[in-house]
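J.: One structure, as C-alpha cells, below. Some questions next.
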Amino acid sequence: MQRFNEFIPGSSMSVTIAPEQVDRIIGNQHHDPFEVLGSHPIEQNGKTVWVVRAYLPNASAAWVILPEERTEHPMYSVHHPQFFECTIDTPELLNYQLRLQENGHELIIYDPYAFRSPRLTDFDLHLFKEGNHHRIYEKLGAHLAIVDGVRGVYFAVWAPNARNVSVLGNFNKWDGRKHQMRRGPTGVWELFIPEIGVGEHYKYEIKNQHGHIYEKSDPFGFQQEARPKTASIVSDLDAYKWSDQKWMEQRRHADPLTQPISVYEVHLGSWLHAASDEPAITDSGAVEPVVIVSELKPGARFITYRELAARLIPYVKELGYTHLELLPIAEHPFDGSWGYQVTGYYACTSRYGSPEDFMYFIDQCHQNGIGVIVDWVPGHFPKDGHGLAYFDGSHLYEHADPRKGEHKEWGTLVFNYSRHEVRNFLVANALFWFDKYHIDGIRVDAVASMLYLDYGRKEGEWLPNQHGSRENVEAADFLRQVNHVIFSYFPGVLSIAEESTSWPMVSWPTYVGGLGFNLKWNMGWMHDMLDYFSMDPWFRQFHQNNVTFSIWYHHSENFMLALSHDEVVHGKSHLIGKMPGDNWQKFANVRCLLAYMFTHPGKKTLFMGMEFGQWSEWNVWGDLDWHLLQHAPHQQLKQFVSDVNRLYRSEPALYSQDFAQSGFEWVDCSDNRHSVVSFIRQATDSNEFVITVCNFTPQPHSHYRVGVPEPGFYTELLNSDAREYGGSNMGNLGGKWADEWSCQNRPYSIDLCLPPLGVLVLKLDRLKTADAMG
C-alpha cells in the first residue's frame, strides 16, 4: 500500500512511499516494479500532479526532462542514495526522459518504467496457458517495438516460479538491478527497454524463491552468440526479403507422397571447411572476423551459410537430389553432440552466420529446386546452465522425477509433455521454422525415446503411465498435436519420424488415430539390407528373406528408406567399408545396394560421403575425404549416384505409387539359389511401369529369363555394372525384345544377361515396339 504525504511541487519534500516497497526494489525482489517506479498520478488540492521515481544504480544525480515543455525537474534521494524521486505539476506526463550523472558521465535516457502497457493480451496468455498459442514466438522473447513513438525492444519470458526476473545486457553493464521485469498473472515477466535494437546481447537474470541467481539465455531468442559464449542476441527475422514465392506456392498445392523425394543428409559443420585465413562471407557481403575452432584441423574454420549456398547447392543439384536434410541447425553448445543437444530452439546456430544468412541459404535452395528438411529434437535437452534446465529455479520444462525427466544414457533431460506451456513451446517451435525460415520439412529425432517411458531405462528406473503400461501417452498426444498444427498451416510439407519400434500408425493421419507424420524411416529395411550386404555373397542365398521381408509390411506405413549418419559412426565403418570382397566388389556392392534402394518402394535418404565412397567413418570435426575424387572408382560412384537420382526423378513408376499396393509387384522373389530378385514398379498410369532385376552375387548369369506383362522392346534404362560406373560392362546391348515365352506366370519373357553384383532397370519402349509391329 503506497501512502502519500503533503508536498510542495518542485521542492525537495517527497511523496512518501512505504520503506518496504523501496527495499524490495533496491534488493531486486519486487514482482512488479511498476507499482513503485515510473510515473504515478495523484490528486493534490483538487488537481492531478505526478510523482516520478527511478532506481538508478551508480547515478549520483538525476533530473526529469519534459522535451515538449523544454523543462527539467531535479530528482532527490530520500530513501536510498540511488533511489530518486520528484513531483511534477502537470496535467499529463508523456515521453519524459531522465538525465543522470553516472561515474563522471552524463546520460539522457527514456525511463523503461514510463511504458506501462503490456504487449501480451489476456487472450495471448489464455492460449499459452492451455497450450494452443501457435505463434507464441511472436509474443515471448525479444521483439523490436515502438511504444508511444519510442523505439526499443520488448522482452517477455515465462518463469512462473521465479521470485523476480531482470534483463541483463551490454546496455546496462549486465547489472540486474537496472531493468527489473514485471510478473503477469500466468508467470510471464515482461519489460520494454527503450533505445536499444538489433544486435544487442542479453540474458535473463532469474532469482528463485531462495534468492539463488540463474543467468539464462532466452528460450525464445532468435539468435545466440557463437559458443562458448551463451548470450542471446536481439534479431529482426522479418527484415529478410524472400524470393521463393513460386516455390512456396507450388509446394502448397503438391502432394509430396506422390512426388520423388531423394534426400542428401548433411552436417554443415563437417561437409567442408575453409582455411582460417580465408575471409568469411556473411549477410551484408562483408568480411567477418574468422573464428578458429580448436577441435578442427589446424588452420581451418567453418564455412558460412552463404558460402554453403555457393558450394553445397550446386553440388547437390549436380547429384540430382530433391532435398537437403540438415542435422540440427538450432543452437547447441557442443559440436560433438552433432546438434542433437539443443539449448536455443528458436535460434539457428551462429557457427555459420546470422539468421539472415540462413534464410538466404534456404532461399537459394528453393530457387534451385531443392527442398530443405531440418532435424528437430523435441525429445530431450541438455543440462547446460544457460539453457532450459531448472530454468526458473524449478523443474519447469522437465519432469521433476528423474524416472520420467532424465535420459541417463544421454545425460539429458526430458520435456514434460503434460505441461501445457511446455507443449506450446515445442508445437510453436516446429511451426516457427516453417513460418520464419520457409523450411520444407522436419525429421523428428529419436521418436521411440519419446513414446516409451522405459526407453533406455532399467527396471525400477521408470514410472508406468496411468494405465500401468510403458507408453508415454502425453508424448503421443503431443506428436499428434504438432503434426496436426503443421499440416493445418503448411500443406505440402514433410514431417518425418525416426521411429525404430513397432508403434502402430506412425505415419497415419491423426483423424484415424495415427501420430500424424507423413513419412517414417524404415529402420527394419536398413538393418536387414546392411546385414545382407555385409555378408559374403555366397551366404546371401540363405538370407533371401533380408531382401524380401520389407515388402510384407511396407504398406503399413509411409516409409522412407534411409542410410543415415547413425550407420557410419561408432566403429560401424562407412558404407563402402561394410562391403565384403576386394575393392572392385566393394564398389559394385554399393552400386547394387543403392540401385535396389532407389527402385524399392519408399522415399530415399543418403548421408553425405556415401555418394562417392568415403572410406573413413564420419568425423564431426573433419571434412569429407574430398581427395578421393581424384581416383576413378570414386568419381564413377559419384556419377552413378547422379544417374540413379535422375532415373528415379524421371520415372513416375519409381515414386508415384510408393505407398499403394498397386505400385509394386514381385516377378520372382524365390530364386535364392542365385540370390536374384525381380519386380515391377507401376505408376498411376497403367501404361507406365519399369522392371528391376537384381543379382546380389559376383556370379554373372547369361540367358536368365524374366517374365514381363507385355510384348515389345525393353530398353535398359540402368545397368549398375556399366563401364562408366567402374563395372565389368556386362549387359544387354541397350535392351531386349520380349519373347512369347511364358515365364513366372507372365505371358512373355526376356532373355537377360545379369551382370555380377548388378542391377538392371528396364522399361517397355512403346514407340519402338509400335514401329516394329507396323
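Labels used: A, B, ... for chains in the order of the C-alpha cells, numbers from 1 for residues in each chain, and numbers from 1 for ligands as shown.
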Tell me which protein, DNA and RNA residues are within 7 Å of Tyr76 in chain A, counting only C-alpha atoms, leaving out same-chain ones fewer than 2 positions away, and put them as a list in words.
T.: Ser12, Pro74, Val78, Phe84, Glu85 and Cys86 of chain A
J.: Could you pull out the strand (DSSP E) residues of range 647-744 of chain A, going by DSSP on the backbone, and write them as a PyMOL selection string?
T.: chain A and resi 664-671+676-682+689-695+701-708+713-719+735-737
J.: Go ahead and dump the residues you just picked, N, CA and C atoms, as a short mmCIF file (atom, residue, chain, number, x, y, z; two decimals), in the first residue's frame.
T.:
data_model
loop_
_atom_site.label_atom_id
_atom_site.label_comp_id
_atom_site.auth_asym_id
_atom_site.auth_seq_id
_atom_site.Cartn_x
_atom_site.Cartn_y
_atom_site.Cartn_z
N PHE A 664 3.67 -51.90 -56.61
CA PHE A 664 4.78 -52.88 -56.56
C PHE A 664 4.22 -54.27 -56.78
N GLU A 665 4.96 -55.06 -57.54
CA GLU A 665 4.58 -56.47 -57.75
C GLU A 665 5.84 -57.28 -58.00
N TRP A 666 5.96 -58.35 -57.26
CA TRP A 666 7.09 -59.27 -57.50
C TRP A 666 6.92 -59.95 -58.85
N VAL A 667 7.99 -60.07 -59.60
CA VAL A 667 8.05 -61.00 -60.72
C VAL A 667 8.54 -62.34 -60.18
N ASP A 668 9.64 -62.31 -59.45
CA ASP A 668 10.16 -63.51 -58.81
C ASP A 668 11.02 -63.11 -57.62
N CYS A 669 10.66 -63.61 -56.45
CA CYS A 669 11.46 -63.34 -55.25
C CYS A 669 11.98 -64.62 -54.61
N SER A 670 11.84 -65.74 -55.33
CA SER A 670 12.15 -67.04 -54.73
C SER A 670 13.44 -67.68 -55.23
N ASP A 671 14.17 -66.96 -56.10
CA ASP A 671 15.40 -67.56 -56.63
C ASP A 671 16.57 -67.29 -55.68
N VAL A 676 18.86 -63.77 -56.72
CA VAL A 676 18.29 -62.86 -57.71
C VAL A 676 16.84 -62.57 -57.34
N VAL A 677 16.46 -61.31 -57.46
CA VAL A 677 15.05 -60.93 -57.33
C VAL A 677 14.70 -60.05 -58.52
N SER A 678 13.41 -60.07 -58.89
CA SER A 678 12.91 -59.20 -59.95
C SER A 678 11.52 -58.72 -59.58
N PHE A 679 11.21 -57.49 -59.95
CA PHE A 679 9.91 -56.92 -59.58
C PHE A 679 9.52 -55.81 -60.53
N ILE A 680 8.23 -55.49 -60.50
CA ILE A 680 7.67 -54.42 -61.33
C ILE A 680 7.29 -53.24 -60.45
N ARG A 681 7.65 -52.04 -60.87
CA ARG A 681 7.14 -50.81 -60.24
C ARG A 681 6.18 -50.16 -61.23
N GLN A 682 5.00 -49.81 -60.71
CA GLN A 682 3.90 -49.36 -61.54
C GLN A 682 3.54 -47.92 -61.19
N PHE A 689 5.38 -48.51 -66.44
CA PHE A 689 5.96 -49.42 -65.45
C PHE A 689 7.42 -49.66 -65.82
N VAL A 690 8.21 -50.04 -64.82
CA VAL A 690 9.59 -50.44 -65.05
C VAL A 690 9.82 -51.77 -64.35
N ILE A 691 10.78 -52.52 -64.86
CA ILE A 691 11.13 -53.82 -64.29
C ILE A 691 12.56 -53.74 -63.77
N THR A 692 12.74 -54.19 -62.53
CA THR A 692 14.06 -54.21 -61.90
C THR A 692 14.48 -55.66 -61.67
N VAL A 693 15.71 -55.96 -62.04
CA VAL A 693 16.28 -57.29 -61.81
C VAL A 693 17.60 -57.11 -61.07
N CYS A 694 17.74 -57.76 -59.92
CA CYS A 694 18.92 -57.60 -59.06
C CYS A 694 19.65 -58.94 -58.93
N ASN A 695 20.93 -58.89 -59.18
CA ASN A 695 21.81 -60.05 -58.94
C ASN A 695 22.76 -59.68 -57.80
N HIS A 701 25.03 -64.17 -64.78
CA HIS A 701 24.11 -65.20 -65.29
C HIS A 701 23.70 -64.83 -66.71
N SER A 702 23.98 -65.71 -67.63
CA SER A 702 23.54 -65.49 -69.01
C SER A 702 22.24 -66.25 -69.26
N HIS A 703 21.47 -65.76 -70.23
CA HIS A 703 20.20 -66.39 -70.60
C HIS A 703 19.29 -66.57 -69.39
N TYR A 704 19.23 -65.52 -68.59
CA TYR A 704 18.36 -65.57 -67.40
C TYR A 704 17.01 -64.97 -67.80
N ARG A 705 15.98 -65.79 -67.71
CA ARG A 705 14.67 -65.34 -68.17
C ARG A 705 13.88 -64.67 -67.04
N VAL A 706 13.26 -63.55 -67.44
CA VAL A 706 12.43 -62.79 -66.51
C VAL A 706 11.09 -62.54 -67.19
N GLY A 707 10.01 -62.89 -66.52
CA GLY A 707 8.69 -62.69 -67.08
C GLY A 707 8.31 -61.22 -67.15
N VAL A 708 7.59 -60.84 -68.23
CA VAL A 708 7.13 -59.46 -68.42
C VAL A 708 5.67 -59.48 -68.82
N PHE A 713 9.85 -54.16 -77.03
CA PHE A 713 11.27 -53.96 -76.76
C PHE A 713 11.44 -53.28 -75.40
N TYR A 714 12.26 -53.90 -74.54
CA TYR A 714 12.50 -53.38 -73.20
C TYR A 714 13.88 -52.72 -73.16
N THR A 715 13.87 -51.40 -73.04
CA THR A 715 15.11 -50.63 -73.01
C THR A 715 15.78 -50.76 -71.65
N GLU A 716 17.08 -50.89 -71.67
CA GLU A 716 17.85 -50.95 -70.43
C GLU A 716 18.12 -49.52 -69.96
N LEU A 717 17.32 -49.05 -69.02
CA LEU A 717 17.47 -47.69 -68.50
C LEU A 717 18.69 -47.54 -67.61
N LEU A 718 19.02 -48.59 -66.88
CA LEU A 718 20.15 -48.54 -65.95
C LEU A 718 20.80 -49.91 -65.88
N ASN A 719 22.11 -49.90 -65.91
CA ASN A 719 22.91 -51.10 -65.65
C ASN A 719 24.01 -50.67 -64.68
N GLY A 735 19.11 -53.17 -74.47
CA GLY A 735 17.74 -53.65 -74.28
C GLY A 735 17.51 -54.99 -74.94
N LYS A 736 16.31 -55.54 -74.72
CA LYS A 736 15.96 -56.86 -75.25
C LYS A 736 14.50 -56.87 -75.69
N TRP A 737 14.24 -57.65 -76.78
CA TRP A 737 12.87 -57.90 -77.20
C TRP A 737 12.28 -59.03 -76.36
#
J.: Determine, counting only C-alpha atoms, which protein, DNA and RNA residues have an atom within 9 Å of an atom of Phe640 in chain A; residues of the same chain fewer than 6 positions away are not included. Present the result as a compact mmCIF listing (two decimals) with N, CA, C and O atoms, in the first residue's frame.
T.:
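What landed in part-v1.txt:
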# COMPACT_ATOMS: atom_id res chain seq x y z
N ARG A 591 26.99 -49.96 -55.42
CA ARG A 591 26.11 -49.63 -56.54
C ARG A 591 24.87 -50.52 -56.54
O ARG A 591 23.74 -50.06 -56.79
N GLU A 611 27.95 -40.93 -51.37
CA GLU A 611 27.80 -40.77 -52.81
C GLU A 611 29.10 -40.95 -53.57
O GLU A 611 29.08 -41.18 -54.79
N SER A 720 23.90 -51.11 -63.43
CA SER A 720 24.86 -50.67 -62.41
C SER A 720 26.26 -51.20 -62.68
O SER A 720 27.23 -50.75 -62.06
N GLU A 724 31.08 -47.02 -67.39
CA GLU A 724 31.23 -45.65 -66.88
C GLU A 724 31.10 -45.58 -65.37
O GLU A 724 31.46 -44.58 -64.75
N TYR A 725 30.57 -46.64 -64.75
CA TYR A 725 30.47 -46.69 -63.29
C TYR A 725 31.57 -47.53 -62.66
O TYR A 725 31.57 -47.75 -61.44
J.: Among range 151-365 of chain A, which residues carry a DSSP assignment of helix (DSSP H, G or I), reported as a ChimeraX atom specification?
T.: /A:170-172,245-252,256-258,268-271,305-319,335-337,350-352,355-365
J.: Give the answer as one residue: which of A:Met535, A:Val153, A:Ala562, A:Leu144 has the shortest atom-to-atom distance to Met579 in chain A, using only C-alpha atoms?
T.: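 For Met579 in chain A, the nearest of the given residues is A:Met535.
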J.: Give me, as a Markdown table, the closest atom pair and its distance (Å, one decimal) for every residue of range 78-167 of chain A within a cut-off of 10 Å of range 172-184 of chain A, counting only C-alpha atoms, rows sorted by chain and rising number.
T.:
| residue | atom | partner | partner_atom | distance |
| --- | --- | --- | --- | --- |
| A:Pro112 | CA | A:His179 | CA | 7.8 |
| A:Tyr113 | CA | A:His179 | CA | 9.0 |
| A:Arg116 | CA | A:Arg182 | CA | 9.8 |
| A:Pro118 | CA | A:Gly184 | CA | 9.0 |
| A:Leu120 | CA | A:Gly184 | CA | 9.3 |
| A:Asp122 | CA | A:Gly184 | CA | 9.9 |
| A:Leu125 | CA | A:Gly184 | CA | 9.1 |
| A:Phe155 | CA | A:Met181 | CA | 8.7 |
| A:Ala156 | CA | A:Met181 | CA | 8.6 |
| A:Val157 | CA | A:Met181 | CA | 9.4 |
| A:Trp158 | CA | A:Arg183 | CA | 9.2 |
| A:Ala159 | CA | A:Arg183 | CA | 8.8 |
| A:Pro160 | CA | A:Arg183 | CA | 8.2 |
| A:Ala162 | CA | A:Arg183 | CA | 9.3 |
| A:Arg163 | CA | A:Arg183 | CA | 9.2 |
| A:Asn164 | CA | A:Met181 | CA | 7.3 |
| A:Val165 | CA | A:Met181 | CA | 5.6 |
| A:Ser166 | CA | A:Gln180 | CA | 4.3 |
| A:Val167 | CA | A:His179 | CA | 5.6 |
